[in-house]
$ cat final_7.cif   # mmCIF, C-alpha atoms
data_protein
#
loop_
_atom_site.label_atom_id
_atom_site.label_comp_id
_atom_site.auth_asym_id
_atom_site.auth_seq_id
_atom_site.Cartn_x
_atom_site.Cartn_y
_atom_site.Cartn_z
CA MET A 1 38.98 -34.40 11.26
CA ARG A 2 41.68 -31.93 10.30
CA ASN A 3 41.65 -33.23 6.78
CA LEU A 4 37.92 -32.79 6.63
CA LEU A 5 38.18 -29.20 7.86
CA ARG A 6 40.89 -28.49 5.31
CA PHE A 7 38.75 -30.02 2.57
CA ILE A 8 35.80 -27.84 3.56
CA LEU A 9 37.99 -24.72 3.67
CA GLN A 10 39.50 -25.53 0.30
CA HIS A 11 36.18 -26.09 -1.40
CA HIS A 12 34.03 -23.73 0.65
CA PHE A 13 32.85 -21.89 -2.47
CA LEU A 14 31.52 -25.06 -4.07
CA ILE A 15 30.07 -26.45 -0.84
CA LEU A 16 28.30 -23.19 0.00
CA PHE A 17 26.92 -23.05 -3.53
CA LEU A 18 25.62 -26.60 -3.35
CA LEU A 19 24.02 -25.97 0.04
CA ILE A 20 22.12 -22.84 -0.97
CA GLU A 21 21.26 -24.17 -4.42
CA SER A 22 19.78 -27.33 -2.98
CA PHE A 23 17.76 -25.19 -0.59
CA SER A 24 16.29 -23.11 -3.40
CA LEU A 25 15.71 -26.15 -5.59
CA PHE A 26 13.92 -27.70 -2.62
CA LEU A 27 11.73 -24.58 -2.53
CA LEU A 28 11.04 -25.04 -6.22
CA PHE A 29 10.33 -28.75 -6.41
CA SER A 30 8.55 -29.27 -3.13
CA THR A 31 5.79 -26.94 -4.19
CA ASN A 32 2.72 -28.52 -5.75
CA PRO A 33 -0.02 -26.30 -7.19
CA TYR A 34 -1.63 -25.90 -3.81
CA GLN A 35 1.58 -24.87 -2.11
CA ARG A 36 2.36 -22.52 -4.95
CA VAL A 37 -0.84 -20.67 -4.16
CA ARG A 38 0.17 -20.60 -0.51
CA PHE A 39 3.58 -19.20 -1.35
CA TYR A 40 1.94 -16.62 -3.52
CA ASN A 41 -0.39 -15.67 -0.72
CA ALA A 42 2.37 -15.52 1.87
CA SER A 43 4.52 -13.36 -0.36
CA HIS A 44 1.56 -11.09 -0.81
CA LYS A 45 1.36 -10.38 2.86
CA ILE A 46 4.70 -8.68 2.27
CA SER A 47 4.25 -7.30 -1.19
CA GLY A 48 0.50 -6.63 -1.31
CA ARG A 49 0.70 -3.12 0.04
CA PHE A 50 3.54 -2.35 -2.34
CA SER A 51 1.69 -3.76 -5.35
CA THR A 52 -1.41 -1.74 -4.46
CA ARG A 53 0.64 1.41 -4.62
CA ILE A 54 2.14 0.57 -8.00
CA GLU A 55 -1.29 -0.27 -9.33
CA ASN A 56 -2.65 3.06 -8.09
CA ILE A 57 -0.13 4.79 -10.32
CA LYS A 58 -0.68 2.50 -13.29
CA ASP A 59 -4.41 3.06 -13.04
CA TYR A 60 -4.07 6.50 -14.54
CA PHE A 61 -2.63 5.16 -17.77
CA SER A 62 -5.66 3.04 -18.52
CA LEU A 63 -8.34 5.55 -17.53
CA TYR A 64 -9.38 6.14 -21.09
CA SER A 65 -10.00 2.54 -22.09
CA ASP A 66 -11.52 1.69 -18.70
CA ASN A 67 -14.02 4.51 -18.95
CA ARG A 68 -14.99 3.42 -22.41
CA LYS A 69 -15.50 -0.15 -21.27
CA LEU A 70 -17.55 0.95 -18.29
CA SER A 71 -19.81 3.12 -20.39
CA GLU A 72 -20.30 0.30 -22.88
CA GLU A 73 -21.21 -1.99 -20.05
CA ASN A 74 -23.56 0.61 -18.62
CA ALA A 75 -25.27 0.87 -21.95
CA ARG A 76 -25.70 -2.88 -22.08
CA LEU A 77 -27.24 -2.91 -18.64
CA TYR A 78 -29.52 0.04 -19.39
CA ASN A 79 -30.81 -1.95 -22.31
CA ARG A 80 -32.04 -4.57 -19.92
CA LEU A 81 -33.93 -2.12 -17.75
CA LYS A 82 -37.69 -2.19 -17.63
CA SER A 83 -37.89 1.25 -19.19
CA SER A 84 -36.06 -0.01 -22.27
CA TYR A 85 -38.86 -2.39 -23.12
CA ASN A 86 -41.90 -1.31 -24.93
CA ILE A 87 -44.69 -2.99 -23.06
CA VAL A 88 -47.55 -3.14 -25.53
CA THR A 89 -50.28 -5.15 -23.96
CA ALA A 90 -51.82 -4.15 -20.68
CA ASP A 91 -51.46 -7.57 -19.14
CA THR A 92 -47.68 -7.80 -19.71
CA VAL A 93 -45.81 -7.22 -16.49
CA TYR A 94 -42.02 -7.08 -16.24
CA ALA A 95 -41.22 -9.43 -13.43
CA GLY A 96 -37.44 -9.13 -13.29
CA ASP A 97 -35.79 -11.60 -11.00
CA SER A 98 -38.12 -11.19 -8.08
CA LEU A 99 -40.00 -14.42 -8.64
CA SER A 100 -37.02 -16.71 -8.57
CA PRO A 101 -34.37 -16.70 -5.83
CA ARG A 102 -31.07 -15.04 -6.66
CA ASN A 103 -28.59 -17.45 -8.15
CA TYR A 104 -25.49 -15.37 -8.84
CA LEU A 105 -24.06 -12.34 -7.08
CA TYR A 106 -21.51 -10.10 -8.79
CA LEU A 107 -18.81 -8.25 -6.89
CA THR A 108 -16.42 -5.76 -8.49
CA ALA A 109 -12.72 -5.95 -7.69
CA ARG A 110 -9.54 -4.46 -9.03
CA VAL A 111 -6.51 -6.37 -10.23
CA ILE A 112 -3.46 -5.27 -8.24
CA ASN A 113 -0.98 -7.84 -9.48
CA ASN A 114 -0.99 -9.88 -12.64
CA SER A 115 1.38 -11.68 -14.96
CA VAL A 116 1.05 -13.37 -18.33
CA ASN A 117 4.61 -14.45 -19.08
CA LYS A 118 5.02 -17.28 -16.61
CA GLN A 119 3.79 -20.86 -16.80
CA TYR A 120 1.80 -20.60 -13.59
CA ASN A 121 0.26 -17.14 -13.60
CA PHE A 122 -1.73 -15.77 -10.73
CA ILE A 123 -3.78 -12.62 -10.34
CA THR A 124 -4.21 -10.72 -7.09
CA LEU A 125 -7.39 -8.79 -6.36
CA ASN A 126 -7.74 -5.91 -3.95
CA LYS A 127 -10.65 -7.52 -2.11
CA GLY A 128 -10.73 -10.51 0.18
CA ARG A 129 -12.77 -12.28 2.79
CA VAL A 130 -13.97 -9.03 4.34
CA SER A 131 -15.61 -8.06 1.05
CA GLY A 132 -17.30 -11.42 0.70
CA ILE A 133 -14.88 -13.16 -1.65
CA ARG A 134 -14.44 -16.87 -1.06
CA PRO A 135 -12.37 -19.61 -2.73
CA ASP A 136 -13.86 -21.22 -5.88
CA MET A 137 -15.65 -18.10 -7.06
CA ALA A 138 -15.48 -17.31 -10.77
CA VAL A 139 -13.69 -14.20 -12.02
CA ILE A 140 -14.66 -12.53 -15.30
CA SER A 141 -13.85 -9.29 -17.05
CA SER A 142 -16.16 -7.45 -19.39
CA ASP A 143 -14.47 -9.28 -22.31
CA GLY A 144 -14.60 -12.85 -21.05
CA ILE A 145 -13.56 -15.23 -18.32
CA VAL A 146 -10.41 -14.60 -16.28
CA GLY A 147 -9.92 -17.25 -13.61
CA ILE A 148 -11.03 -18.84 -10.36
CA VAL A 149 -10.37 -17.56 -6.84
CA LYS A 150 -8.04 -19.97 -5.07
CA LYS A 151 -7.20 -18.42 -1.72
CA VAL A 152 -8.39 -15.39 0.17
CA SER A 153 -6.84 -13.42 2.97
CA SER A 154 -8.83 -10.78 4.77
CA ASN A 155 -8.08 -8.06 2.21
CA TYR A 156 -6.65 -9.81 -0.85
CA ALA A 157 -7.58 -12.71 -3.06
CA ALA A 158 -5.25 -14.91 -5.12
CA VAL A 159 -6.85 -15.93 -8.41
CA LEU A 160 -5.74 -18.88 -10.50
CA SER A 161 -5.52 -17.22 -13.90
CA LEU A 162 -6.77 -18.96 -17.02
CA LEU A 163 -3.13 -18.56 -18.08
CA ASN A 164 -2.02 -21.15 -15.56
CA ARG A 165 -1.19 -24.74 -16.45
CA ASP A 166 -3.21 -25.92 -13.46
CA PHE A 167 -6.35 -24.21 -14.75
CA ILE A 168 -9.02 -26.35 -16.32
CA ILE A 169 -12.66 -25.56 -17.09
CA SER A 170 -15.54 -27.16 -18.91
CA ALA A 171 -16.29 -25.26 -22.12
CA LYS A 172 -18.74 -25.80 -24.94
CA ILE A 173 -19.26 -24.79 -28.52
CA LYS A 174 -22.11 -22.32 -28.38
CA LYS A 175 -23.94 -23.33 -31.55
CA ASN A 176 -24.22 -27.06 -30.92
CA GLY A 177 -23.55 -27.52 -27.21
CA TYR A 178 -20.74 -30.10 -27.45
CA PHE A 179 -18.47 -29.67 -24.45
CA GLY A 180 -14.97 -30.60 -23.34
CA PRO A 181 -12.19 -29.50 -21.00
CA LEU A 182 -10.41 -26.26 -21.85
CA SER A 183 -6.93 -25.63 -20.53
CA TRP A 184 -3.87 -23.51 -21.21
CA LYS A 185 -0.75 -25.02 -22.79
CA GLY A 186 1.59 -22.28 -21.65
CA ASN A 187 2.74 -21.01 -25.03
CA SER A 188 0.70 -17.88 -25.70
CA ALA A 189 -1.26 -15.41 -23.59
CA GLU A 190 -3.91 -15.24 -26.32
CA ARG A 191 -4.70 -18.91 -26.85
CA ALA A 192 -6.10 -21.87 -24.94
CA THR A 193 -6.82 -25.44 -26.02
CA LEU A 194 -10.14 -27.27 -26.04
CA VAL A 195 -10.07 -31.06 -26.42
CA ASP A 196 -12.42 -34.07 -26.37
CA ILE A 197 -14.84 -32.76 -29.00
CA PRO A 198 -15.76 -35.85 -31.08
CA HIS A 199 -14.77 -35.76 -34.74
CA HIS A 200 -18.29 -36.00 -36.18
CA VAL A 201 -19.17 -32.56 -34.80
CA GLN A 202 -19.28 -29.78 -37.36
CA VAL A 203 -16.65 -27.23 -36.27
CA ASN A 204 -15.74 -23.99 -38.03
CA GLU A 205 -13.11 -21.36 -37.50
CA GLY A 206 -14.63 -18.39 -35.72
CA ASP A 207 -17.21 -20.40 -33.76
CA THR A 208 -17.88 -19.04 -30.29
CA ILE A 209 -16.72 -20.99 -27.23
CA VAL A 210 -18.57 -20.31 -23.98
CA THR A 211 -18.58 -21.74 -20.46
CA SER A 212 -20.73 -24.83 -20.06
CA GLY A 213 -21.76 -24.05 -16.49
CA PHE A 214 -20.72 -27.53 -15.32
CA GLY A 215 -18.90 -27.61 -12.03
CA GLY A 216 -20.96 -24.76 -10.71
CA VAL A 217 -18.16 -22.20 -10.70
CA PHE A 218 -18.89 -20.25 -13.85
CA PRO A 219 -22.45 -19.45 -14.91
CA GLU A 220 -23.40 -20.97 -18.24
CA GLY A 221 -22.82 -19.09 -21.45
CA TYR A 222 -19.97 -16.76 -20.54
CA LEU A 223 -17.72 -15.91 -23.44
CA ILE A 224 -14.30 -17.60 -23.49
CA GLY A 225 -13.21 -16.94 -27.05
CA THR A 226 -13.50 -18.05 -30.64
CA ILE A 227 -12.06 -21.01 -32.54
CA GLU A 228 -8.83 -20.05 -34.25
CA HIS A 229 -8.00 -23.38 -35.81
CA PHE A 230 -8.55 -27.06 -35.16
CA ARG A 231 -7.01 -30.39 -36.03
CA PHE A 232 -7.59 -34.05 -35.32
CA LYS A 233 -5.75 -35.60 -32.48
CA GLY A 234 -5.57 -39.34 -32.18
CA GLY A 235 -8.17 -39.73 -34.92
CA ASN A 236 -11.36 -39.45 -32.94
CA TYR A 237 -11.20 -36.10 -31.28
CA TYR A 238 -10.50 -32.52 -32.22
CA GLU A 239 -7.82 -30.43 -30.64
CA ILE A 240 -9.18 -26.92 -30.92
CA THR A 241 -7.10 -23.78 -30.45
CA VAL A 242 -9.26 -21.06 -28.93
CA LYS A 243 -8.44 -17.39 -29.34
CA LEU A 244 -9.26 -15.92 -25.93
CA SER A 245 -11.52 -12.91 -25.83
CA SER A 246 -10.06 -11.48 -22.59
CA ASN A 247 -6.94 -9.42 -22.93
CA PHE A 248 -4.94 -10.63 -19.95
CA ARG A 249 -2.30 -7.95 -20.42
CA LYS A 250 -4.78 -5.18 -19.76
CA LEU A 251 -6.88 -6.57 -16.94
CA ASN A 252 -7.94 -3.89 -14.53
CA TYR A 253 -11.46 -4.18 -13.18
CA VAL A 254 -13.02 -7.62 -12.89
CA GLN A 255 -16.23 -9.15 -11.59
CA VAL A 256 -16.19 -11.92 -9.03
CA ILE A 257 -19.22 -14.20 -9.24
CA GLN A 258 -20.67 -16.06 -6.31
CA ASN A 259 -22.91 -18.99 -7.17
CA TYR A 260 -25.44 -19.50 -4.40
CA ALA A 261 -26.39 -22.90 -5.77
CA LYS A 262 -22.85 -24.31 -5.80
CA GLN A 263 -23.02 -25.81 -2.34
CA GLU A 264 -26.25 -27.58 -3.07
CA ILE A 265 -24.98 -28.87 -6.43
CA ASP A 266 -21.75 -30.11 -4.83
CA SER A 267 -23.55 -31.88 -2.02
CA ILE A 268 -25.94 -33.72 -4.30
CA GLU A 269 -23.11 -34.72 -6.66
CA ASN A 270 -21.04 -35.98 -3.76
CA SER A 271 -23.93 -37.99 -2.39
CA VAL A 272 -24.17 -39.84 -5.71
CA ASN A 273 -20.44 -40.49 -5.89
CA GLN A 274 -20.33 -42.14 -2.49
CA MET B 1 34.86 0.31 3.10
CA ILE B 2 31.56 1.33 4.71
CA ARG B 3 30.98 3.65 1.78
CA GLU B 4 31.54 0.80 -0.65
CA ILE B 5 29.05 -1.43 1.17
CA ALA B 6 26.47 1.37 1.27
CA LYS B 7 26.99 1.92 -2.46
CA TYR B 8 26.34 -1.73 -3.34
CA LEU B 9 23.39 -1.89 -0.95
CA LEU B 10 21.86 1.10 -2.70
CA GLN B 11 22.52 -0.55 -6.07
CA PHE B 12 20.81 -3.71 -4.76
CA ILE B 13 17.67 -1.81 -3.75
CA VAL B 14 17.53 0.38 -6.86
CA LEU B 15 17.86 -2.67 -9.15
CA ILE B 16 15.07 -4.55 -7.34
CA LEU B 17 12.78 -1.54 -7.56
CA ALA B 18 13.64 -0.98 -11.22
CA GLN B 19 12.97 -4.64 -12.00
CA LEU B 20 9.61 -4.72 -10.21
CA LEU B 21 8.33 -1.29 -11.17
CA ILE B 22 9.60 -0.88 -14.72
CA PHE B 23 11.08 -3.97 -16.30
CA ASN B 24 8.42 -6.46 -15.18
CA ASN B 25 5.93 -4.38 -17.12
CA ILE B 26 7.86 -4.59 -20.36
CA GLU B 27 6.63 -7.55 -22.33
CA PHE B 28 7.75 -7.59 -25.90
CA SER B 29 5.23 -9.79 -27.67
CA GLY B 30 4.15 -11.30 -24.40
CA PHE B 31 6.88 -13.67 -23.43
CA ILE B 32 10.12 -11.79 -23.74
CA ASN B 33 10.91 -10.19 -20.46
CA PRO B 34 14.20 -8.48 -19.50
CA TYR B 35 15.61 -9.38 -16.08
CA ILE B 36 18.09 -6.58 -15.52
CA TYR B 37 18.45 -7.22 -11.77
CA VAL B 38 21.31 -9.61 -12.61
CA LEU B 39 23.39 -6.48 -13.24
CA PHE B 40 24.02 -6.48 -9.48
CA VAL B 41 25.89 -9.78 -9.69
CA LEU B 42 27.86 -8.55 -12.71
CA LEU B 43 29.06 -5.37 -11.01
CA LEU B 44 30.24 -6.75 -7.65
CA PRO B 45 33.99 -6.11 -7.19
CA PHE B 46 36.59 -8.75 -8.10
CA ASN B 47 37.62 -9.41 -4.52
CA THR B 48 34.10 -9.99 -3.16
CA PRO B 49 34.33 -12.84 -0.63
CA ALA B 50 32.69 -16.05 -1.85
CA PHE B 51 30.23 -16.01 1.00
CA VAL B 52 29.05 -12.46 0.24
CA LEU B 53 28.84 -13.13 -3.51
CA LEU B 54 26.66 -16.21 -3.09
CA MET B 55 24.49 -14.93 -0.26
CA SER B 56 23.77 -11.54 -1.80
CA SER B 57 22.87 -13.12 -5.16
CA PHE B 58 20.65 -15.65 -3.47
CA THR B 59 18.92 -12.91 -1.45
CA MET B 60 18.40 -10.88 -4.59
CA GLY B 61 16.76 -13.83 -6.36
CA LEU B 62 14.66 -14.66 -3.32
CA ILE B 63 13.28 -11.12 -3.08
CA ILE B 64 12.38 -11.16 -6.78
CA ASP B 65 10.77 -14.59 -6.20
CA LEU B 66 8.72 -13.22 -3.32
CA PHE B 67 7.32 -10.42 -5.41
CA MET B 68 6.70 -12.53 -8.48
CA GLY B 69 5.30 -15.52 -6.61
CA THR B 70 7.70 -18.08 -8.07
CA PRO B 71 9.28 -20.05 -5.23
CA GLY B 72 12.94 -20.87 -5.89
CA VAL B 73 13.05 -20.09 -9.62
CA HIS B 74 14.89 -16.78 -9.61
CA SER B 75 16.94 -17.59 -6.51
CA SER B 76 18.39 -20.79 -7.94
CA ALA B 77 19.10 -19.22 -11.34
CA THR B 78 20.79 -16.17 -9.82
CA LEU B 79 22.80 -18.35 -7.47
CA LEU B 80 24.02 -20.48 -10.37
CA MET B 81 25.07 -17.31 -12.15
CA ALA B 82 26.98 -16.03 -9.09
CA PHE B 83 28.71 -19.40 -8.75
CA SER B 84 29.90 -19.39 -12.34
CA ARG B 85 31.04 -15.76 -12.22
CA PRO B 86 34.65 -16.47 -11.10
CA TYR B 87 35.02 -19.15 -13.80
CA VAL B 88 33.67 -16.90 -16.53
CA MET B 89 36.00 -14.17 -15.35
CA ALA B 90 38.97 -16.51 -15.50
CA LEU B 91 37.90 -17.57 -19.00
CA PHE B 92 37.93 -14.02 -20.35
CA SER B 93 40.80 -12.75 -18.23
CA PRO B 94 43.05 -10.23 -20.02
CA ARG B 95 46.69 -11.19 -20.60
CA GLU B 96 47.99 -9.41 -17.50
CA GLY B 97 45.12 -10.61 -15.29
CA TYR B 98 42.79 -8.47 -13.25
CA GLN B 99 44.83 -5.86 -11.36
CA THR B 100 43.94 -4.74 -7.85
CA GLY B 101 41.96 -1.52 -7.77
CA THR B 102 40.03 -2.36 -10.93
CA PHE B 103 36.34 -3.19 -11.10
CA PRO B 104 34.37 -5.25 -13.65
CA ARG B 105 33.27 -2.22 -15.64
CA LEU B 106 32.89 -1.46 -19.30
CA THR B 107 35.01 1.68 -18.92
CA GLN B 108 37.94 -0.24 -17.42
CA PHE B 109 38.12 -3.35 -19.56
CA GLY B 110 36.60 -2.18 -22.81
CA ILE B 111 33.44 -3.06 -24.65
CA GLU B 112 34.62 -6.41 -26.03
CA TRP B 113 35.42 -7.85 -22.61
CA PHE B 114 32.24 -6.51 -21.05
CA VAL B 115 30.01 -7.86 -23.81
CA LYS B 116 31.56 -11.34 -23.58
CA TYR B 117 31.35 -11.31 -19.79
CA THR B 118 27.74 -10.07 -19.70
CA VAL B 119 26.35 -12.23 -22.49
CA THR B 120 27.83 -15.45 -21.09
CA LEU B 121 26.47 -14.93 -17.59
CA VAL B 122 23.09 -13.61 -18.74
CA LEU B 123 22.63 -16.58 -21.09
CA LEU B 124 23.44 -18.96 -18.24
CA HIS B 125 21.02 -17.21 -15.90
CA HIS B 126 18.17 -16.98 -18.39
CA PHE B 127 18.39 -20.57 -19.59
CA ALA B 128 18.42 -21.84 -16.00
CA LEU B 129 15.53 -19.49 -15.19
CA PHE B 130 13.28 -20.39 -18.11
CA TYR B 131 13.80 -24.14 -17.93
CA LEU B 132 13.36 -24.21 -14.15
CA GLU B 133 10.16 -22.23 -14.48
CA VAL B 134 8.65 -24.52 -17.11
CA PHE B 135 10.27 -27.59 -15.56
CA THR B 136 9.64 -29.75 -18.59
CA LEU B 137 11.36 -30.38 -21.88
CA HIS B 138 7.99 -30.59 -23.56
CA HIS B 139 8.07 -27.30 -25.44
CA PHE B 140 11.84 -27.46 -25.68
CA PHE B 141 12.29 -25.12 -28.63
CA GLY B 142 9.59 -22.72 -27.50
CA THR B 143 11.35 -22.26 -24.18
CA PHE B 144 14.72 -22.14 -25.91
CA PHE B 145 13.57 -19.33 -28.14
CA ARG B 146 12.05 -17.35 -25.29
CA ALA B 147 15.19 -17.70 -23.17
CA LEU B 148 17.40 -16.70 -26.07
CA LEU B 149 15.40 -13.61 -27.02
CA SER B 150 15.08 -12.51 -23.40
CA SER B 151 18.85 -12.93 -22.95
CA VAL B 152 19.51 -10.74 -25.96
CA LEU B 153 17.18 -8.08 -24.60
CA THR B 154 18.61 -8.18 -21.07
CA SER B 155 22.21 -8.09 -22.31
CA ALA B 156 21.46 -5.20 -24.63
CA MET B 157 19.83 -3.23 -21.84
CA ILE B 158 22.67 -3.91 -19.41
CA ILE B 159 25.38 -2.94 -21.89
CA PHE B 160 23.42 0.12 -22.96
CA SER B 161 22.93 1.21 -19.35
CA GLN B 162 26.69 1.17 -18.76
CA PHE B 163 27.18 4.09 -21.12
CA PHE B 164 24.92 6.23 -18.94
CA ILE B 165 25.87 5.17 -15.43
CA PHE B 166 29.65 4.84 -15.56
CA ARG B 167 31.20 7.51 -17.71
CA ARG B 168 34.89 8.01 -17.90
#

$ encode --input "final_7.cif" --output "structure tokens"
Amino acid sequence: MRNLLRFILQHHFLILFLLIESFSLFLLFSTNPYQRVRFYNASHKISGRFSTRIENIKDYFSLYSDNRKLSEENARLYNRLKSSYNIVTADTVYAGDSLSPRNYLYLTARVINNSVNKQYNFITLNKGRVSGIRPDMAVISSDGIVGIVKKVSSNYAAVLSLLNRDFIISAKIKKNGYFGPLSWKGNSAERATLVDIPHHVQVNEGDTIVTSGFGGVFPEGYLIGTIEHFRFKGGNYYEITVKLSSNFRKLNYVQVIQNYAKQEIDSIENSVNQ
Amino acid sequence: MIREIAKYLLQFIVLILAQLLIFNNIEFSGFINPYIYVLFVLLLPFNTPAFVLLMSSFTMGLIIDLFMGTPGVHSSATLLMAFSRPYVMALFSPREGYQTGTFPRLTQFGIEWFVKYTVTLVLLHHFALFYLEVFTLHHFFGTFFRALLSSVLTSAMIIFSQFFIFRR
């Protein structure tokens, strides 16, 4: 016993180090993607208020570009107004969306915390359950897709960024409709990788990649990016590097999209799988 | 004694705030990020008790982890750095050893000693940090390059800062 005590006293520096290090490595390795989101959410209970304040200050620096983007977006929406159409014949009536039930609802939110330089990046939004945000909603910016809401607290939402190695989405080549999974390889904030496009498909650099709408999270046809280059992988499939259209370093205001049909789609797909 | 503790506590808080408010927003070409909060571990006095050295470094890393949402990455890297600090110090010890009443400062031991001391510990911290974060050897050289460039940037910032904070 005395020898043991003396041993501990003699090597207390090493023993203490090993104890704390194993604790923090336990923290690191015991976290799967789901738990990582939970940790992120828990830490945001503490740091959310603080991050909001920082973001309030940083907001001023991007006023110029944000205003420009908003006015461009306004212009685009004005173009879709009834008054922008020249209705020539008397029997043409602009019906808008009123005939069909609403499918998607857009909510605006602000990014209060974001990173691009980690392997598992998350984004925090300043709205949560109270504002109607729920898990599995799509998040887009005016430039392209951003991520998927993973967890919500009452006032904040944690978004799985596209720049996260757990992120995966079904994407398609706009001009011919061939689709495959798109994911992020963790090496550049500007590029993602699209695979499983068969080799007989005609692919060119600069082709547009959009969301396929499968999975019911993202609406179909949202811009993801353009093809930067492509190569064969394993002989039969392309591995396509996609230049992302969203600038993740300058995210500020984003739209969160609720798909009203998602529940119905999920339930019918599940009923087939069983 | 109380004054000393208050001084290091203030340093602790200022470095965390500086890291979160300023240095986390610096991203040279996207992936190179300086982590200057490790300066706290570098500046602790020679006779810091082992317990205090390890616990304060761990707490520092844990707070950074909390704010950056990376469980255990910064805390384990910072702890590893604190653990190796005495060995690195012994490695670069001047001929007459470290005398009582001296502190690990650029002004007291000269630029050569401080650069060697800083670069070694920062390299250790950054390599542990980047490989723990990726937790794969898949993009080995990509990670290697990122860690190396970030270390250079952090070391340069730390050494540069010493000329402003501690003047003779």

$ closest_residue --input "final_7.cif" --among "B:Phe67, B:Tyr8, B:Phe140, B:Phe23" --to "chain A" --atoms "all atoms listed in the file"
B:Phe67

$ closest_residue --input "final_7.cif" --among "A:Ala171, A:Leu4, A:Leu160, A:Ile57" --to "Ser115 of chain A" --atoms "only C-alpha atoms"
A:Leu160

$ resolve_selection --input "final_7.cif" --expression "the PyMOL selection byres ((chain B) within 9 of (chain A))" --output "PyMOL selection string"
chain B and resi 21+24-25+27+30-33+50-51+54-55+58+62+65-77+79-80+82-83+130+132-134+139+142-143

$ resolve_selection --input "final_7.cif" --expression "the PyMOL selection byres ((chain B and resi 119) around 9)" --output "number ranges by chain"
B: 114-118, 120-124, 151-152, 154-156

$ resolve_selection --input "final_7.cif" --expression "the PyMOL selection byres ((chain A and resi 211-215) around 9)" --output "ChimeraX atom specification"
/A:145,169-174,177,179-180,209-210,216-224,262,265-266

$ atom_distance --input "final_7.cif" --atom1 "atom CA of Phe40 of chain B" --atom2 "atom CA of Met89 of chain B"
15.4 Å

$ residues_around --input "final_7.cif" --residues "Ile112 of chain A" --least-positions-apart "6" --cutoff "10 Å" --atoms "all atoms listed in the file" --output "list in words"
Gly48, Arg49, Phe50, Ser51, Thr52, Arg53, Ile54, Glu55, Asn56, Lys58, Asp59, Ile123, Thr124, Leu125, Asn126, Lys127, Tyr156, Ala157, Leu251, Asn252 and Tyr253 of chain A

$ residues_around --input "final_7.cif" --residues "Arg105 of chain B" --least-positions-apart "4" --cutoff "12 Å" --atoms "all atoms listed in the file" --output "MDAnalysis selection string"
chainID B and resid 39:40 42:46 98 101 109:115 117:118 158:159 161:163 165:168

$ atom_distance --input "final_7.cif" --atom1 "atom CA of Gly61 of chain B" --atom2 "atom CA of Leu148 of chain B"
19.9 Å

$ residues_around --input "final_7.cif" --residues "Glu73 of chain A" --least-positions-apart "5" --cutoff "9 Å" --atoms "only C-alpha atoms" --output "MDAnalysis selection string"
chainID A and resid 68 78 142

$ atom_distance --input "final_7.cif" --atom1 "atom CA of Glu239 of chain A" --atom2 "atom CA of Thr193 of chain A"
6.9 Å
